[in-house]
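Single-structure report; data block below.
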Amino acid sequence: MTNHSRQTVRETYETIGSHFAKTREYAWPEVESFVDDYGDRAEDGTALDIGCGNGRHAELLAAVAPRVVGVDASRELLSVAVDRVPETVALLCGDASRLPLRTRSVALAVYVATLHHLPSARARQASLSELARVLSPTGRALVSVWSTAHDRFDAPADADSGFDTTVDWTLPGGETVPRFYHIYAPAEFERSLEESPLRTVSFDVSSGNCYAVVESEGKSP
């Protein structure tokens, strides 16, 4: 059983942020594909990167959207991102379950490798609701989580529920810092999306991650 809060998760990334950012140089291919497929939806609007980290995906979004907002709980990571992203990107320190954006203001969003760090099921569902709130009627978002399908976890292929755990991050001096994760079973992640105000457009499991393209529930493509 893990014992983590929003504060302890934030403190983790304040501690490891500088080193972590150096190991996350390139955009994920899945994000590149998503932006290629849906980037035209943001040509006159706002794009959002939730859990923007060092800005690698916000930088990608800035190539297709005139306005980009990057949100992260770690000021340390944002201090790295500010030197990377163009001036069209606004970087905000914030909480994924309380997004500082207007309702229906976002045309394109990426929420990659962040949802699974929120320390409670309530916070994770609240963040999915927030994503639904800020998406425009034609907006699309890519959401990813680490899953039990990854070969590092001893979980049955047909697991119905995931589990909480920590995965150590090793700093250059040898200190290890535990990072909280909720490891989703794919079926659990699909269920969480169904229970949120989001509609799943596509769902895939690849290299131990679940990926879902979503839109606001009840909105036409």
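Residue numbers start at 1 in each chain; chains themselves are named A, B, ... in the order of the structure tokens; ligands are numbered from 1 in the order shown.
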Enumerate, in order of chain and increasing residue number, the residues of stretch 183-207 of chain A with an atom no farther than 7 Å from stretch 127-143 of chain A, each with its shortest atom pair and distance in Å to one decimal, counting only C-alpha atoms, as JSON lines.
```
{"residue": "A:Ser196", "atom": "CA", "partner": "A:Ser129", "partner_atom": "CA", "distance": 5.8}
{"residue": "A:Pro197", "atom": "CA", "partner": "A:Ser129", "partner_atom": "CA", "distance": 5.8}
{"residue": "A:Leu198", "atom": "CA", "partner": "A:Ala132", "partner_atom": "CA", "distance": 5.6}
```
Dump of all heavy atoms for the selected residues, as a short mmCIF file (atom, residue, chain, number, x, y, z; two decimals), in the first residue's frame:
```
data_model
loop_
_atom_site.label_atom_id
_atom_site.label_comp_id
_atom_site.auth_asym_id
_atom_site.auth_seq_id
_atom_site.Cartn_x
_atom_site.Cartn_y
_atom_site.Cartn_z
N SER A 196 -16.49 8.81 -17.17
CA SER A 196 -16.21 10.24 -17.23
C SER A 196 -17.10 10.91 -18.29
O SER A 196 -17.75 10.21 -19.07
CB SER A 196 -14.73 10.46 -17.58
OG SER A 196 -14.53 10.30 -18.98
N PRO A 197 -17.09 12.23 -18.36
CA PRO A 197 -17.85 12.92 -19.41
C PRO A 197 -17.10 12.97 -20.74
O PRO A 197 -17.22 13.92 -21.50
CB PRO A 197 -18.05 14.33 -18.84
CG PRO A 197 -17.58 14.30 -17.44
CD PRO A 197 -16.60 13.19 -17.36
N LEU A 198 -16.32 11.94 -21.01
CA LEU A 198 -15.57 11.84 -22.26
C LEU A 198 -16.11 10.69 -23.10
O LEU A 198 -16.58 9.68 -22.55
CB LEU A 198 -14.08 11.61 -22.00
CG LEU A 198 -13.31 12.74 -21.34
CD1 LEU A 198 -11.96 12.24 -20.84
CD2 LEU A 198 -13.10 13.90 -22.32
#
```
Shell of 10 Å around stretch 22-24 of chain A, only C-alpha atoms, local chain residues under 3 positions omitted, as a list in words: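 Result of the neighbour search: Gly17, Ser18, His19, Ala27, Trp28, Gly53, Asn54, Gly55, Arg56 and Val80 of chain A.
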Since we have the selection now, will you write its residues out, keeping all heavy atoms, as a PDB file, in the first residue's frame?
```
ATOM      1  N   GLY A  17      13.276  16.881 -10.974  1.00  0.00           N
ATOM      2  CA  GLY A  17      12.885  17.543 -12.212  1.00  0.00           C
ATOM      3  C   GLY A  17      14.007  17.836 -13.190  1.00  0.00           C
ATOM      4  O   GLY A  17      13.896  17.547 -14.380  1.00  0.00           O
ATOM      5  N   SER A  18      15.081  18.406 -12.706  1.00  0.00           N
ATOM      6  CA  SER A  18      16.180  18.791 -13.597  1.00  0.00           C
ATOM      7  C   SER A  18      16.787  17.570 -14.291  1.00  0.00           C
ATOM      8  O   SER A  18      17.003  17.570 -15.505  1.00  0.00           O
ATOM      9  CB  SER A  18      17.250  19.542 -12.800  1.00  0.00           C
ATOM     10  OG  SER A  18      18.340  19.900 -13.636  1.00  0.00           O
ATOM     11  N   HIS A  19      17.050  16.520 -13.530  1.00  0.00           N
ATOM     12  CA  HIS A  19      17.620  15.304 -14.109  1.00  0.00           C
ATOM     13  C   HIS A  19      16.603  14.589 -14.986  1.00  0.00           C
ATOM     14  O   HIS A  19      16.929  14.117 -16.086  1.00  0.00           O
ATOM     15  CB  HIS A  19      18.109  14.376 -12.992  1.00  0.00           C
ATOM     16  CG  HIS A  19      18.756  13.130 -13.492  1.00  0.00           C
ATOM     17  ND1 HIS A  19      18.289  11.865 -13.192  1.00  0.00           N
ATOM     18  CD2 HIS A  19      19.832  12.940 -14.302  1.00  0.00           C
ATOM     19  CE1 HIS A  19      19.053  10.963 -13.779  1.00  0.00           C
ATOM     20  NE2 HIS A  19      19.992  11.577 -14.463  1.00  0.00           N
ATOM     21  N   ALA A  27       9.742  14.051 -28.378  1.00  0.00           N
ATOM     22  CA  ALA A  27       8.307  13.789 -28.339  1.00  0.00           C
ATOM     23  C   ALA A  27       8.032  12.309 -28.577  1.00  0.00           C
ATOM     24  O   ALA A  27       8.753  11.647 -29.326  1.00  0.00           O
ATOM     25  CB  ALA A  27       7.593  14.631 -29.393  1.00  0.00           C
ATOM     26  N   TRP A  28       6.976  11.798 -27.950  1.00  0.00           N
ATOM     27  CA  TRP A  28       6.572  10.412 -28.191  1.00  0.00           C
ATOM     28  C   TRP A  28       6.025  10.268 -29.609  1.00  0.00           C
ATOM     29  O   TRP A  28       5.281  11.139 -30.083  1.00  0.00           O
ATOM     30  CB  TRP A  28       5.490  10.001 -27.209  1.00  0.00           C
ATOM     31  CG  TRP A  28       5.956   9.706 -25.822  1.00  0.00           C
ATOM     32  CD1 TRP A  28       7.161  10.021 -25.278  1.00  0.00           C
ATOM     33  CD2 TRP A  28       5.194   9.040 -24.803  1.00  0.00           C
ATOM     34  NE1 TRP A  28       7.205   9.587 -23.979  1.00  0.00           N
ATOM     35  CE2 TRP A  28       6.024   8.988 -23.665  1.00  0.00           C
ATOM     36  CE3 TRP A  28       3.924   8.495 -24.754  1.00  0.00           C
ATOM     37  CZ2 TRP A  28       5.598   8.407 -22.471  1.00  0.00           C
ATOM     38  CZ3 TRP A  28       3.492   7.908 -23.567  1.00  0.00           C
ATOM     39  CH2 TRP A  28       4.329   7.857 -22.449  1.00  0.00           C
ATOM     40  N   GLY A  53       5.712  18.900 -18.352  1.00  0.00           N
ATOM     41  CA  GLY A  53       7.109  18.584 -18.061  1.00  0.00           C
ATOM     42  C   GLY A  53       8.064  19.588 -18.657  1.00  0.00           C
ATOM     43  O   GLY A  53       7.930  20.797 -18.454  1.00  0.00           O
ATOM     44  N   ASN A  54       9.037  19.098 -19.423  1.00  0.00           N
ATOM     45  CA  ASN A  54      10.063  19.977 -19.978  1.00  0.00           C
ATOM     46  C   ASN A  54       9.637  20.661 -21.274  1.00  0.00           C
ATOM     47  O   ASN A  54      10.439  21.337 -21.911  1.00  0.00           O
ATOM     48  CB  ASN A  54      11.363  19.199 -20.207  1.00  0.00           C
ATOM     49  CG  ASN A  54      11.242  18.138 -21.284  1.00  0.00           C
ATOM     50  OD1 ASN A  54      10.156  17.904 -21.829  1.00  0.00           O
ATOM     51  ND2 ASN A  54      12.348  17.470 -21.587  1.00  0.00           N
ATOM     52  N   GLY A  55       8.382  20.473 -21.675  1.00  0.00           N
ATOM     53  CA  GLY A  55       7.856  21.196 -22.827  1.00  0.00           C
ATOM     54  C   GLY A  55       7.989  20.502 -24.157  1.00  0.00           C
ATOM     55  O   GLY A  55       7.653  21.076 -25.196  1.00  0.00           O
ATOM     56  N   ARG A  56       8.425  19.241 -24.166  1.00  0.00           N
ATOM     57  CA  ARG A  56       8.669  18.582 -25.452  1.00  0.00           C
ATOM     58  C   ARG A  56       7.401  18.434 -26.291  1.00  0.00           C
ATOM     59  O   ARG A  56       7.461  18.556 -27.522  1.00  0.00           O
ATOM     60  CB  ARG A  56       9.321  17.212 -25.244  1.00  0.00           C
ATOM     61  CG  ARG A  56       8.521  16.281 -24.347  1.00  0.00           C
ATOM     62  CD  ARG A  56       9.224  14.963 -24.140  1.00  0.00           C
ATOM     63  NE  ARG A  56       8.569  14.172 -23.098  1.00  0.00           N
ATOM     64  CZ  ARG A  56       8.675  12.862 -22.998  1.00  0.00           C
ATOM     65  NH1 ARG A  56       9.402  12.193 -23.864  1.00  0.00           N
ATOM     66  NH2 ARG A  56       8.081  12.215 -22.029  1.00  0.00           N
ATOM     67  N   VAL A  80      12.566  24.442 -16.744  1.00  0.00           N
ATOM     68  CA  VAL A  80      13.284  23.871 -17.891  1.00  0.00           C
ATOM     69  C   VAL A  80      12.507  24.139 -19.170  1.00  0.00           C
ATOM     70  O   VAL A  80      13.073  24.524 -20.200  1.00  0.00           O
ATOM     71  CB  VAL A  80      13.489  22.353 -17.694  1.00  0.00           C
ATOM     72  CG1 VAL A  80      14.147  21.737 -18.926  1.00  0.00           C
ATOM     73  CG2 VAL A  80      14.322  22.077 -16.452  1.00  0.00           C
TER      74      VAL A  80
END
```
DSSP alpha helix (DSSP H) residues within stretch 24-186 of chain A, listed as an MDAnalysis selection string: chainID A and resid 29:38 56:61 75:81 121:134 186
Residue among A:Arg67, A:Asp40, A:Ala212, A:Pro119 lying closest to A:Thr166, counting only C-alpha atoms: A:Pro119
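Distance annotation: of A:Ser74, A:Ser206, A:Thr170, A:Ser97, the residue with the minimal separation from A:Leu118 is A:Ser97; atom set is only C-alpha atoms.
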Residues flagged strand (DSSP E or B) by DSSP in chain A, as number ranges by chain: A: 46-50, 67-72, 89-93, 95, 98, 106-111, 135-147, 163-170, 176-184, 198-206, 209-216
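Atom pair atom CA of A:Gly208 / atom CA of A:Ile183: separated by 10.1 Å.
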Atomic separation - atom CA of A:Ala109 relative to atom CA of A:Ser147, Å: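 Separation between atom CA of A:Ser147 and atom CA of A:Ala109: 20.9 Å.
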Selected residue of minimal separation from A:Ile16 among A:Leu48, A:Leu77, A:Val112, A:Val214, counting only C-alpha atoms: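 Among the listed residues, the smallest separation from A:Ile16 belongs to A:Leu77.
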Between atom CA of A:Ala187 and atom CA of A:Thr103 - distance in Å to one decimal: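 Distance between the two atoms: 28.9 Å.
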Nearest-residue call for A:Val145, choices A:Cys93, A:Glu175, A:Tyr211, A:Ala107, using only C-alpha atoms: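 Of all the options, A:Tyr211 lies closest to A:Val145.
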Selection near A:His57, 12 Å with only C-alpha atoms, sequence-local residues under 6 positions removed, as a ChimeraX atom specification: /A:24-35,47-51,63-64,68-71,81,84-86,89,108-113,142
Closest of A:Arg75, A:Arg41, A:Arg199, A:His117 to A:Ala96 - atom-to-atom distances counting only C-alpha atoms: A:His117
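The smallest atom-to-atom distance between A:Val205 and any of A:Asp160, A:Asp168, A:Glu190, A:Asp95, using only C-alpha atoms, is found for A:Glu190.
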